[in-house]
file start-v6.cif (mmCIF, C-alpha atoms and all ligand atoms)
data_run
#
loop_
_atom_site.label_atom_id
_atom_site.label_comp_id
_atom_site.auth_asym_id
_atom_site.auth_seq_id
_atom_site.Cartn_x
_atom_site.Cartn_y
_atom_site.Cartn_z
CA MET D 178 -224.58 41.60 34.90
CA VAL D 179 -226.59 39.72 32.34
CA PRO D 180 -228.05 36.39 33.40
CA GLU D 181 -227.91 33.62 30.81
CA THR D 182 -231.61 32.89 31.06
CA PHE D 183 -234.65 34.72 32.33
CA GLY D 184 -234.78 32.17 35.16
CA GLY D 185 -231.35 33.40 36.36
CA LEU D 186 -232.60 36.97 36.87
CA SER D 187 -233.45 36.78 40.58
CA LYS D 188 -230.10 35.10 41.37
CA ALA D 189 -228.28 37.84 39.45
CA ILE D 190 -230.12 40.59 41.34
CA LYS D 191 -229.21 38.96 44.64
CA GLN D 192 -225.60 38.66 43.55
CA VAL D 193 -225.41 42.38 42.58
CA TYR D 194 -227.01 43.35 45.90
CA GLN D 195 -224.56 41.29 47.91
CA ASP D 196 -221.56 42.63 45.91
CA LEU D 197 -222.72 46.22 46.51
CA LEU D 198 -223.14 45.48 50.27
CA LYS D 199 -219.62 43.97 50.42
CA SER D 200 -218.01 46.89 48.64
CA GLY D 201 -219.78 49.31 51.01
CA THR D 202 -221.51 51.06 48.12
CA ILE D 203 -224.88 50.52 49.80
CA LYS D 204 -226.04 49.83 53.36
CA PRO D 205 -228.94 47.60 54.36
CA GLU D 206 -232.24 49.43 54.84
CA ALA D 207 -233.16 50.18 58.47
CA GLU D 208 -236.02 48.08 59.85
CA ILE D 209 -239.33 49.74 59.03
CA ASP D 210 -240.82 51.50 62.05
CA GLU D 211 -244.23 49.89 62.40
CA LYS D 212 -245.56 53.08 63.97
CA ILE D 213 -245.33 54.97 60.74
CA LEU D 214 -247.35 52.38 58.88
CA PRO D 215 -251.02 53.30 58.43
CA ALA D 216 -253.13 51.47 61.06
CA LEU D 217 -255.29 48.76 59.52
CA PRO D 218 -258.82 48.25 60.82
CA PRO D 219 -259.14 45.25 63.14
CA SER D 220 -260.15 41.92 61.61
CA VAL D 221 -263.59 40.47 62.30
CA GLN D 222 -261.97 37.71 64.39
CA GLU D 223 -260.21 40.26 66.63
CA VAL D 224 -263.34 42.31 67.25
CA MET D 225 -265.39 39.16 67.88
CA LYS D 226 -262.85 38.08 70.51
CA GLN D 227 -263.34 41.38 72.27
CA GLY D 228 -267.08 40.76 72.21
CA GLU D 229 -267.75 43.98 70.35
CA VAL D 230 -269.51 42.60 67.34
CA ILE D 231 -271.95 39.83 66.57
CA VAL D 232 -271.75 38.31 63.11
CA GLU D 233 -274.86 36.65 61.71
CA PRO D 234 -273.75 33.09 60.73
CA LEU D 235 -274.09 32.33 57.04
CA ILE D 236 -275.09 28.72 57.57
CA ARG D 237 -276.28 26.59 60.46
CA THR D 238 -275.34 22.94 60.81
CA THR D 239 -276.73 20.39 63.20
CA ILE D 240 -274.87 17.28 62.06
CA SER D 241 -271.12 17.58 61.94
CA ASP D 242 -268.16 19.58 63.16
CA ASP D 243 -264.60 19.59 61.85
CA ARG D 244 -263.12 22.18 64.19
CA GLY D 245 -261.29 19.64 66.35
CA GLU D 246 -258.63 17.17 65.34
CA GLU D 247 -261.02 15.11 63.23
CA PRO D 248 -264.62 15.26 62.07
CA ARG D 249 -267.28 14.53 64.63
CA TYR D 250 -270.59 13.17 63.44
CA VAL D 251 -273.33 14.42 65.76
CA GLY D 252 -270.63 14.64 68.41
CA TYR D 253 -268.98 11.25 67.85
CA ALA D 254 -265.38 11.23 66.61
CA ALA D 255 -265.14 9.35 63.29
CA SER D 256 -262.11 7.29 64.37
CA GLU D 257 -263.82 6.26 67.61
CA LEU D 258 -266.83 5.01 65.66
CA CYS D 259 -264.45 2.91 63.55
CA GLU D 260 -262.60 1.64 66.60
CA LYS D 261 -265.81 0.61 68.35
CA GLY D 262 -266.97 -1.48 65.41
CA TYR D 263 -269.59 0.81 63.89
CA GLY D 264 -270.08 0.63 60.13
CA ILE D 265 -271.05 2.85 57.23
CA GLU D 266 -274.74 2.19 57.98
CA ASP D 267 -274.27 3.81 61.40
CA VAL D 268 -272.56 6.83 59.86
CA ILE D 269 -275.51 7.16 57.44
CA ALA D 270 -277.95 7.07 60.34
CA LEU D 271 -275.93 9.64 62.26
CA LEU D 272 -275.56 12.09 59.40
CA TRP D 273 -279.08 11.65 58.01
CA ASN D 274 -281.08 11.09 61.17
CA LYS D 275 -278.77 12.28 63.95
CA LYS D 276 -279.22 9.02 65.86
CA LEU D 277 -277.00 6.01 66.40
CA PRO D 278 -279.12 3.05 65.30
CA THR D 279 -279.43 -0.13 67.30
CA ARG D 280 -277.59 -3.16 65.96
CA GLU D 281 -280.86 -4.48 64.57
CA GLU D 282 -281.61 -1.19 62.80
CA SER D 283 -278.06 -1.03 61.39
CA GLU D 284 -278.47 -4.48 59.88
CA ILE D 285 -281.63 -3.34 58.11
CA ILE D 286 -279.96 -0.16 56.76
CA LYS D 287 -276.99 -2.21 55.57
CA ARG D 288 -279.27 -4.57 53.67
CA ILE D 289 -281.19 -1.70 52.08
CA ILE D 290 -277.95 -0.29 50.70
CA MET D 291 -276.63 -3.68 49.59
CA ILE D 292 -279.82 -4.65 47.84
CA SER D 293 -280.22 -1.37 45.97
CA ALA D 294 -276.58 -0.98 44.92
CA ASP D 295 -277.09 -2.15 41.35
CA HIS D 296 -279.66 -3.68 39.04
CA GLY D 297 -277.70 -4.44 35.92
CA PRO D 298 -276.85 -2.30 32.91
CA ALA D 299 -280.34 -2.00 31.42
CA VAL D 300 -281.94 0.31 33.97
CA SER D 301 -282.11 4.06 33.38
CA GLY D 302 -279.35 5.06 35.82
CA ALA D 303 -276.70 2.49 34.91
CA PHE D 304 -277.49 2.91 31.21
CA GLY D 305 -276.92 6.67 31.52
CA SER D 306 -273.54 6.14 33.20
CA ILE D 307 -272.53 3.50 30.67
CA ILE D 308 -273.33 5.73 27.69
CA ALA D 309 -271.31 8.51 29.33
CA ALA D 310 -268.38 6.18 30.10
CA CYS D 311 -268.36 5.02 26.48
CA ALA D 312 -268.31 8.65 25.35
CA GLY D 313 -265.06 9.05 27.31
CA ILE D 314 -266.62 11.08 30.12
CA ASP D 315 -264.77 11.09 33.46
CA LEU D 316 -266.08 9.21 36.48
CA PRO D 317 -267.83 12.01 38.41
CA GLN D 318 -269.63 13.32 35.34
CA ALA D 319 -270.55 9.83 34.09
CA VAL D 320 -271.97 8.97 37.50
CA SER D 321 -273.91 12.21 37.58
CA ALA D 322 -275.28 11.37 34.12
CA GLY D 323 -276.75 8.23 35.67
CA MET D 324 -277.84 10.14 38.76
CA THR D 325 -279.82 12.51 36.59
CA MET D 326 -282.12 9.59 35.77
CA ILE D 327 -283.13 9.13 39.39
CA GLY D 328 -286.57 10.63 39.59
CA PRO D 329 -290.27 9.89 40.02
CA ARG D 330 -290.28 6.83 37.78
CA PHE D 331 -286.87 5.39 38.51
CA GLY D 332 -285.30 5.17 41.97
CA GLY D 333 -286.51 8.55 43.11
CA ALA D 334 -289.93 7.42 44.30
CA VAL D 335 -288.64 6.40 47.74
CA THR D 336 -289.40 9.70 49.47
CA ASN D 337 -292.90 10.01 48.07
CA ALA D 338 -293.64 6.33 48.67
CA GLY D 339 -292.74 6.75 52.34
CA LYS D 340 -294.62 10.02 52.54
CA TYR D 341 -297.87 8.80 50.96
CA PHE D 342 -298.01 5.36 52.56
CA LYS D 343 -297.48 7.09 55.90
CA TYR D 344 -300.32 9.42 54.96
CA GLY D 345 -302.48 6.39 54.13
CA VAL D 346 -301.74 4.80 57.52
CA LYS D 347 -302.91 8.00 59.19
CA GLU D 348 -305.83 9.09 57.02
CA TYR D 349 -307.18 5.88 55.49
CA PRO D 350 -306.10 3.19 57.98
CA ASN D 351 -308.85 0.73 57.11
CA ASP D 352 -309.80 2.01 53.69
CA ILE D 353 -307.25 1.16 51.01
CA PRO D 354 -309.66 1.76 48.12
CA GLY D 355 -310.30 5.21 49.65
CA PHE D 356 -306.53 5.82 49.80
CA LEU D 357 -306.08 4.73 46.18
CA ASN D 358 -308.92 6.96 45.12
CA TRP D 359 -307.39 9.90 46.98
CA MET D 360 -304.03 9.18 45.32
CA LYS D 361 -305.64 9.05 41.89
CA GLN D 362 -307.41 12.38 42.46
CA ASN D 363 -304.50 14.19 44.09
CA VAL D 364 -301.17 12.60 43.19
CA GLY D 365 -301.30 10.26 40.18
CA PRO D 366 -299.54 6.90 40.03
CA VAL D 367 -298.83 5.62 43.53
CA PRO D 368 -295.09 6.08 44.21
CA GLY D 369 -293.56 2.75 45.20
CA ILE D 370 -296.05 0.69 43.21
CA GLY D 371 -295.42 -0.81 39.79
CA HIS D 372 -292.49 -2.21 37.89
CA ARG D 373 -291.64 -2.46 34.21
CA VAL D 374 -290.57 -6.13 34.34
CA LYS D 375 -291.31 -7.45 37.82
CA SER D 376 -294.80 -8.72 38.58
CA LEU D 377 -296.73 -11.32 40.57
CA ARG D 378 -295.50 -13.90 38.04
CA ASN D 379 -291.94 -12.57 38.12
CA PRO D 380 -291.57 -11.34 41.71
CA ASP D 381 -288.82 -9.00 42.77
CA LYS D 382 -286.55 -11.11 44.98
CA ARG D 383 -285.05 -7.97 46.55
CA VAL D 384 -288.44 -6.88 47.82
CA LYS D 385 -289.34 -10.36 49.05
CA TYR D 386 -286.00 -10.64 50.84
CA LEU D 387 -286.22 -7.26 52.57
CA VAL D 388 -289.83 -7.78 53.68
CA GLU D 389 -289.04 -11.28 54.94
CA TYR D 390 -285.88 -10.12 56.71
CA VAL D 391 -287.52 -7.21 58.49
CA LYS D 392 -290.57 -9.25 59.46
CA THR D 393 -288.92 -12.47 60.56
CA LYS D 394 -285.42 -11.49 61.69
CA THR D 395 -286.11 -8.20 63.46
CA THR D 396 -288.50 -6.80 66.00
CA LEU D 397 -289.19 -3.63 64.00
CA HIS D 398 -292.79 -2.42 64.22
CA THR D 399 -293.84 -2.02 60.55
CA PRO D 400 -297.16 -0.16 60.18
CA CYS D 401 -296.09 1.63 56.99
CA LEU D 402 -294.70 -1.50 55.32
CA ASP D 403 -297.80 -3.50 56.29
CA TYR D 404 -300.02 -0.82 54.82
CA ALA D 405 -298.07 -0.82 51.54
CA LEU D 406 -298.30 -4.61 51.35
CA ASN D 407 -302.07 -4.30 51.71
CA VAL D 408 -302.13 -1.65 48.98
CA GLU D 409 -300.18 -4.07 46.78
CA LYS D 410 -302.90 -6.71 47.26
CA ILE D 411 -305.43 -4.34 45.71
CA THR D 412 -303.23 -2.90 42.94
CA THR D 413 -302.00 -6.32 41.81
CA SER D 414 -305.58 -7.53 41.60
CA LYS D 415 -306.02 -4.85 38.90
CA LYS D 416 -302.74 -5.42 37.04
CA ASP D 417 -300.13 -7.96 38.01
CA ASN D 418 -297.11 -5.67 37.63
CA LEU D 419 -298.51 -3.17 40.12
CA ILE D 420 -296.43 -4.75 42.87
CA LEU D 421 -294.75 -3.03 45.80
CA ASN D 422 -291.41 -2.15 44.23
CA VAL D 423 -287.94 -1.56 45.68
CA ASP D 424 -288.54 2.17 46.10
CA GLY D 425 -291.80 1.53 47.91
CA THR D 426 -290.37 -1.18 50.11
CA ILE D 427 -287.33 0.75 51.26
CA GLY D 428 -289.37 3.94 51.64
CA CYS D 429 -291.80 2.20 54.02
CA ILE D 430 -289.12 0.38 56.01
CA LEU D 431 -287.23 3.65 56.44
CA VAL D 432 -290.38 5.42 57.62
CA ASP D 433 -290.87 2.56 60.08
CA LEU D 434 -287.24 3.08 61.15
CA ASP D 435 -288.16 6.71 61.78
CA PHE D 436 -285.93 8.26 59.13
CA PRO D 437 -286.99 11.77 58.13
CA GLU D 438 -288.98 12.12 54.92
CA TYR D 439 -286.31 14.22 53.21
CA SER D 440 -283.69 11.52 53.71
CA LEU D 441 -285.47 8.68 51.96
CA ASN D 442 -284.43 9.18 48.31
CA GLY D 443 -280.89 9.52 49.63
CA PHE D 444 -280.77 5.79 50.27
CA PHE D 445 -281.33 4.91 46.62
CA VAL D 446 -279.01 7.69 45.47
CA LEU D 447 -276.23 6.50 47.78
CA ALA D 448 -276.68 2.82 47.06
CA ARG D 449 -276.93 3.22 43.29
CA THR D 450 -273.82 5.43 43.21
CA ILE D 451 -271.92 2.24 44.06
CA GLY D 452 -273.36 0.51 41.00
CA MET D 453 -272.85 3.46 38.68
CA ILE D 454 -269.20 3.77 39.68
CA GLY D 455 -268.90 0.04 39.03
CA HIS D 456 -270.34 0.40 35.53
CA TRP D 457 -267.97 3.29 34.76
CA ILE D 458 -264.96 1.25 35.89
CA ASP D 459 -266.19 -1.79 33.97
CA GLN D 460 -266.58 0.13 30.69
CA ASN D 461 -263.17 1.76 31.11
CA ASN D 462 -261.52 -1.58 31.90
CA GLN D 463 -262.92 -2.90 28.63
CA ASN D 464 -261.90 0.17 26.62
CA SER D 465 -265.48 0.36 25.43
CA ARG D 466 -266.22 2.33 22.29
CA LEU D 467 -268.64 5.17 21.75
CA ILE D 468 -272.26 4.02 21.79
CA ARG D 469 -274.50 5.05 18.94
CA LEU D 470 -278.02 3.73 18.62
CA TYR D 471 -278.60 1.45 15.65
CA ASP D 472 -281.28 2.68 13.25
CA TYR D 473 -283.29 -0.49 13.85
CA LEU D 474 -283.74 0.56 17.48
CA ILE D 475 -285.36 3.82 16.41
CA ASN D 476 -288.80 4.25 14.97
CA TYR D 477 -288.27 7.15 12.59
CA ALA D 478 -291.82 8.48 12.57
CA VAL D 479 -290.73 11.41 10.44
CA LYS D 480 -291.71 13.12 7.18
CA ASP D 481 -290.33 11.73 3.91
CA GLU D 482 -287.42 13.65 2.46
CA ARG D 483 -288.72 16.70 0.59
CA GLU D 484 -287.45 19.78 -1.12
CA VAL D 485 -286.95 22.88 0.98
CA PRO D 486 -289.27 25.58 -0.44
CA ASP D 487 -287.78 28.94 -1.46
CA LYS D 488 -287.76 31.36 1.47
CA ARG D 489 -290.70 33.74 1.29
N1 LIG D 501 -300.06 3.50 40.49
C1 LIG D 501 -301.20 3.37 39.77
N2 LIG D 501 -301.23 2.96 38.50
C2 LIG D 501 -300.09 2.66 37.93
C3 LIG D 501 -298.86 2.76 38.59
C4 LIG D 501 -298.88 3.20 39.92
N3 LIG D 501 -297.76 3.33 40.61
N4 LIG D 501 -297.88 2.38 37.77
C5 LIG D 501 -298.46 2.07 36.61
N5 LIG D 501 -299.78 2.24 36.70
C6 LIG D 501 -300.75 2.00 35.66
C7 LIG D 501 -300.73 3.15 34.67
O1 LIG D 501 -301.61 4.19 35.05
C8 LIG D 501 -301.18 2.48 33.41
O2 LIG D 501 -302.56 2.31 33.44
P1 LIG D 501 -303.44 2.30 32.08
O3 LIG D 501 -302.91 1.13 31.29
O4 LIG D 501 -304.82 2.17 32.57
O5 LIG D 501 -303.12 3.61 31.43
C9 LIG D 501 -300.54 1.10 33.52
O6 LIG D 501 -300.35 0.87 34.93
C10 LIG D 501 -299.19 1.01 32.82
O7 LIG D 501 -298.42 2.17 33.21
P2 LIG D 501 -296.96 2.43 32.67
O8 LIG D 501 -296.48 3.74 33.22
O9 LIG D 501 -296.91 2.22 31.20
O10 LIG D 501 -296.23 1.23 33.37
P3 LIG D 501 -294.73 0.86 33.32
O11 LIG D 501 -294.67 -0.57 33.55
O12 LIG D 501 -294.06 1.38 32.15
O13 LIG D 501 -294.20 1.73 34.55
C11 LIG D 501 -293.24 2.45 36.46
C12 LIG D 501 -293.36 1.30 35.49
C13 LIG D 501 -292.65 3.68 35.75
C14 LIG D 501 -292.32 2.02 37.57
C15 LIG D 501 -294.63 2.81 37.01
O14 LIG D 501 -295.23 1.69 37.59
C16 LIG D 501 -294.61 3.96 37.99
O15 LIG D 501 -294.60 5.13 37.59
N6 LIG D 501 -294.60 3.65 39.33
C17 LIG D 501 -294.56 4.65 40.33
C18 LIG D 501 -293.17 5.23 40.47
C19 LIG D 501 -292.21 4.24 41.11
O16 LIG D 501 -292.51 3.67 42.13
N7 LIG D 501 -291.02 4.12 40.53
C20 LIG D 501 -289.96 3.28 41.09
C21 LIG D 501 -289.82 1.98 40.36
S1 LIG D 501 -288.63 0.88 41.15
C22 LIG D 501 -287.12 1.52 40.79
O17 LIG D 501 -286.97 2.37 39.97
C23 LIG D 501 -285.91 1.05 41.52
C1 LIG D 502 -283.81 -0.92 39.66
O1 LIG D 502 -283.56 -1.24 40.81
O2 LIG D 502 -283.04 -0.25 38.97
C2 LIG D 502 -285.04 -1.43 39.03
O3 LIG D 502 -286.01 -1.84 39.91
C3 LIG D 502 -285.57 -0.60 37.93
C4 LIG D 502 -285.79 -1.49 36.74
O4 LIG D 502 -286.27 -0.95 35.73
O5 LIG D 502 -285.50 -2.68 36.80
#

call {"tool": "encode", "arguments": {"input": "start-v6.cif", "output": "structure tokens"}}
result
Amino acid sequence: MVPETFGGLSKAIKQVYQDLLKSGTIKPEAEIDEKILPALPPSVQEVMKQGEVIVEPLIRTTISDDRGEEPRYVGYAASELCEKGYGIEDVIALLWNKKLPTREESEIIKRIIMISADHGPAVSGAFGSIIAACAGIDLPQAVSAGMTMIGPRFGGAVTNAGKYFKYGVKEYPNDIPGFLNWMKQNVGPVPGIGHRVKSLRNPDKRVKYLVEYVKTKTTLHTPCLDYALNVEKITTSKKDNLILNVDGTIGCILVDLDFPEYSLNGFFVLARTIGMIGHWIDQNNQNSRLIRLYDYLINYAVKDEREVPDKR
């Protein structure tokens, strides 16, 4: 028996086997007696069931569980949250702070995300994603190129703004110059203060809106935000772009909402991911070409061309 192709081999083997069975040349093998098989050691699951072994868990989670029919966020089934009218802002609060926010708190969280979602193509994060998109990089990597820019100067000052303004409220409640002095000695530039283009003369509408919303449309108690606004009064009297920026504003509001310190930068990261994905889609829709900086945008502060000396 020679099959026509390699792919026909298994069929041919089966055919030969069945022909041999039919002709009585061979008989089917007897069922294997399981008793003669070497006994395998019991699996961890079996021994655990018998209560004879304790296995040290590798990780511990306190936020979610997927062992049922669907994920549960801090105990609440995802579909039930949807059914009962909760939104993404509630899921954020559950997974980042393990609490279901009140309607008023949800509205604030929603606005924080909406307002930080994008700030045009010129800022460090979007620019990073755009350059990557134009270099033909796929969405996840192009977005992470933009993400890499989120740090102490751009978008990643939310956590430290919340942390240090909270510290100011506690340690220097009525002494903002003392707080600023402490920051200068121990930290450096105050996170959450300062902007490259926004200033007293060119205020940041996002900041104004959030502050106004929280203060006039909600009942949130805002000691951290109030403190930061007082710090801004002093810093802007020194230089008019040392305003309370978006990072500082959302950091303080989130501290006032009782979000944990470690969660704060997550709000900018999450929100700005929306914008970065948008920029990637936009560049791809336009079939944008590779970006290369023009020479006139570079100050070549380099040595004049010169001859390479002979190697000594
Ligand atoms: N606290 C104290 N002084 C400051 C601060 C600050 N937060 N920011 C700037 N300054 C001072 C600088 O020390 C410098 O002083 P000097 O002229 O006496 O040397 C002067 O202001 C100019 O500083 P630059 O760093 O050149 O200012 P620039 O406008 O380029 O910086 C930036 C903008 C990076 C945002 C800066 O203000 C900063 O580092 N702020 C803190 C970090 C922060 O909050 N980043 C988030 C910005 S918002 C966002 O990204 C969404
Ligand atoms: C932003 O939200 O990206 C900005 O505040 C930063 C900038 O440089 O404008």

call {"tool": "residues_near_ligand", "arguments": {"input": "start-v6.cif", "ligand": "ligand LIG 502 (chain D)", "cutoff": "6 Å", "atoms": "all atoms listed in the file", "output": "ChimeraX atom specification"}}
result
/D:296,300,373

call {"tool": "closest_residue", "arguments": {"input": "start-v6.cif", "among": "D:Met326, D:Gln227, D:Ile290, D:Ile314", "to": "Ser465 in chain D", "atoms": "all atoms listed in the file"}}
result
D:Ile314

call {"tool": "closest_residue", "arguments": {"input": "start-v6.cif", "among": "D:Met291, D:Met178, D:Ala216, D:Ile420", "to": "ligand LIG 501 (chain D)", "atoms": "only C-alpha atoms and all ligand atoms"}}
result
D:Ile420

call {"tool": "residues_near_ligand", "arguments": {"input": "start-v6.cif", "ligand": "ligand LIG 501 (chain D)", "cutoff": "6 Å", "atoms": "all atoms listed in the file", "output": "PyMOL selection string"}}
result
chain D and resi 329-332+334+366-373+422-424

call {"tool": "atom_distance", "arguments": {"input": "start-v6.cif", "atom1": "CA of Asp295 in chain D", "atom2": "CA of Cys429 in chain D"}}
result
19.9 Å

call {"tool": "closest_residue", "arguments": {"input": "start-v6.cif", "among": "D:Ala254, D:Met324, D:Val268, D:Leu397", "to": "Met453 in chain D", "atoms": "all atoms listed in the file"}}
result
D:Met324

call {"tool": "closest_atom_pairs", "arguments": {"input": "start-v6.cif", "of": "range 263-297 of chain D", "to": "range 241-244 of chain D", "cutoff": "10 Å", "atoms": "only C-alpha atoms", "output": "Markdown table"}}
result
| residue | atom | partner | partner_atom | distance |
| --- | --- | --- | --- | --- |
| D:Leu271 | CA | D:Ser241 | CA | 9.3 |
| D:Leu272 | CA | D:Ser241 | CA | 7.5 |
| D:Lys275 | CA | D:Ser241 | CA | 9.5 |

call {"tool": "closest_residue", "arguments": {"input": "start-v6.cif", "among": "D:Val193, D:Lys188, D:Lys199, D:Glu281", "to": "Lys394 in chain D", "atoms": "all atoms listed in the file"}}
result
D:Glu281

call {"tool": "residues_around", "arguments": {"input": "start-v6.cif", "residues": "Lys385 in chain D", "least_positions_apart": "5", "cutoff": "12 Å", "atoms": "only C-alpha atoms", "output": "list in words"}}
result
Ile292, Lys375, Ser376, Leu377, Asn379, Pro380, Tyr390, Val391, Lys392, Thr393, Leu406, Ile420, Leu421, Asn422, Val423, Thr426 and Ile427 of chain D

call {"tool": "write_last_selection", "arguments": {"input": "start-v6.cif", "atoms": "C-alpha atoms", "output": "mmCIF file, keeping the file's coordinate frame"}}
result
data_model
loop_
_atom_site.group_PDB
_atom_site.id
_atom_site.type_symbol
_atom_site.label_atom_id
_atom_site.label_comp_id
_atom_site.auth_asym_id
_atom_site.auth_seq_id
_atom_site.Cartn_x
_atom_site.Cartn_y
_atom_site.Cartn_z
ATOM 1 C CA ILE D 292 -279.820 -4.650 47.840
ATOM 2 C CA LYS D 375 -291.310 -7.450 37.820
ATOM 3 C CA SER D 376 -294.800 -8.720 38.580
ATOM 4 C CA LEU D 377 -296.730 -11.320 40.570
ATOM 5 C CA ASN D 379 -291.940 -12.570 38.120
ATOM 6 C CA PRO D 380 -291.570 -11.340 41.710
ATOM 7 C CA TYR D 390 -285.880 -10.120 56.710
ATOM 8 C CA VAL D 391 -287.520 -7.210 58.490
ATOM 9 C CA LYS D 392 -290.570 -9.250 59.460
ATOM 10 C CA THR D 393 -288.920 -12.470 60.560
ATOM 11 C CA LEU D 406 -298.300 -4.610 51.350
ATOM 12 C CA ILE D 420 -296.430 -4.750 42.870
ATOM 13 C CA LEU D 421 -294.750 -3.030 45.800
ATOM 14 C CA ASN D 422 -291.410 -2.150 44.230
ATOM 15 C CA VAL D 423 -287.940 -1.560 45.680
ATOM 16 C CA THR D 426 -290.370 -1.180 50.110
ATOM 17 C CA ILE D 427 -287.330 0.750 51.260
#

call {"tool": "closest_residue", "arguments": {"input": "start-v6.cif", "among": "D:Lys480, D:Val432, D:Asn363, D:Pro298", "to": "Gly455 in chain D", "atoms": "all atoms listed in the file"}}
result
D:Pro298

call {"tool": "residues_around", "arguments": {"input": "start-v6.cif", "residues": "Ile327 in chain D", "least_positions_apart": "2", "cutoff": "12 Å", "atoms": "only C-alpha atoms", "output": "short mmCIF file (atom, residue, chain, number, x, y, z; two decimals) with C-alpha atoms, keeping the file's coordinate frame"}}
result
data_model
loop_
_atom_site.label_atom_id
_atom_site.label_comp_id
_atom_site.auth_asym_id
_atom_site.auth_seq_id
_atom_site.Cartn_x
_atom_site.Cartn_y
_atom_site.Cartn_z
CA VAL D 300 -281.94 0.31 33.97
CA SER D 301 -282.11 4.06 33.38
CA GLY D 302 -279.35 5.06 35.82
CA ALA D 303 -276.70 2.49 34.91
CA PHE D 304 -277.49 2.91 31.21
CA GLY D 305 -276.92 6.67 31.52
CA SER D 306 -273.54 6.14 33.20
CA VAL D 320 -271.97 8.97 37.50
CA SER D 321 -273.91 12.21 37.58
CA ALA D 322 -275.28 11.37 34.12
CA GLY D 323 -276.75 8.23 35.67
CA MET D 324 -277.84 10.14 38.76
CA THR D 325 -279.82 12.51 36.59
CA PRO D 329 -290.27 9.89 40.02
CA ARG D 330 -290.28 6.83 37.78
CA PHE D 331 -286.87 5.39 38.51
CA GLY D 332 -285.30 5.17 41.97
CA GLY D 333 -286.51 8.55 43.11
CA ALA D 334 -289.93 7.42 44.30
CA VAL D 335 -288.64 6.40 47.74
CA THR D 336 -289.40 9.70 49.47
CA ASP D 424 -288.54 2.17 46.10
CA ASN D 442 -284.43 9.18 48.31
CA GLY D 443 -280.89 9.52 49.63
CA PHE D 444 -280.77 5.79 50.27
CA PHE D 445 -281.33 4.91 46.62
CA VAL D 446 -279.01 7.69 45.47
CA LEU D 447 -276.23 6.50 47.78
CA ALA D 448 -276.68 2.82 47.06
CA ARG D 449 -276.93 3.22 43.29
CA THR D 450 -273.82 5.43 43.21
CA MET D 453 -272.85 3.46 38.68
#

call {"tool": "atom_distance", "arguments": {"input": "start-v6.cif", "atom1": "CA of Pro437 in chain D", "atom2": "CA of Lys361 in chain D"}}
result
24.9 Å

call {"tool": "residues_around", "arguments": {"input": "start-v6.cif", "residues": "Glu229 in chain D", "least_positions_apart": "6", "cutoff": "12 Å", "atoms": "all atoms listed in the file", "output": "ChimeraX atom specification"}}
result
/D:219-223

call {"tool": "write_last_selection", "arguments": {"input": "start-v6.cif", "atoms": "C-alpha atoms", "output": "short mmCIF file (atom, residue, chain, number, x, y, z; two decimals), in the frame of the given file"}}
result
data_model
loop_
_atom_site.label_atom_id
_atom_site.label_comp_id
_atom_site.auth_asym_id
_atom_site.auth_seq_id
_atom_site.Cartn_x
_atom_site.Cartn_y
_atom_site.Cartn_z
CA PRO D 219 -259.14 45.25 63.14
CA SER D 220 -260.15 41.92 61.61
CA VAL D 221 -263.59 40.47 62.30
CA GLN D 222 -261.97 37.71 64.39
CA GLU D 223 -260.21 40.26 66.63
#

call {"tool": "closest_residue", "arguments": {"input": "start-v6.cif", "among": "D:Tyr194, D:Phe342, D:Trp273, D:Tyr386", "to": "Thr399 in chain D", "atoms": "all atoms listed in the file"}}
result
D:Phe342

call {"tool": "atom_distance", "arguments": {"input": "start-v6.cif", "atom1": "CA of Tyr250 in chain D", "atom2": "CA of Ala319 in chain D"}}
result
29.5 Å

call {"tool": "axis_aligned_box", "arguments": {"input": "start-v6.cif", "around": "range 346-363 of chain D", "padding_each_side": "4 Å", "output": "JSON"}}
result
{"center_x": -306.0, "center_y": 7.5, "center_z": 50.5, "size_x": 16.6, "size_y": 21.5, "size_z": 25.3}
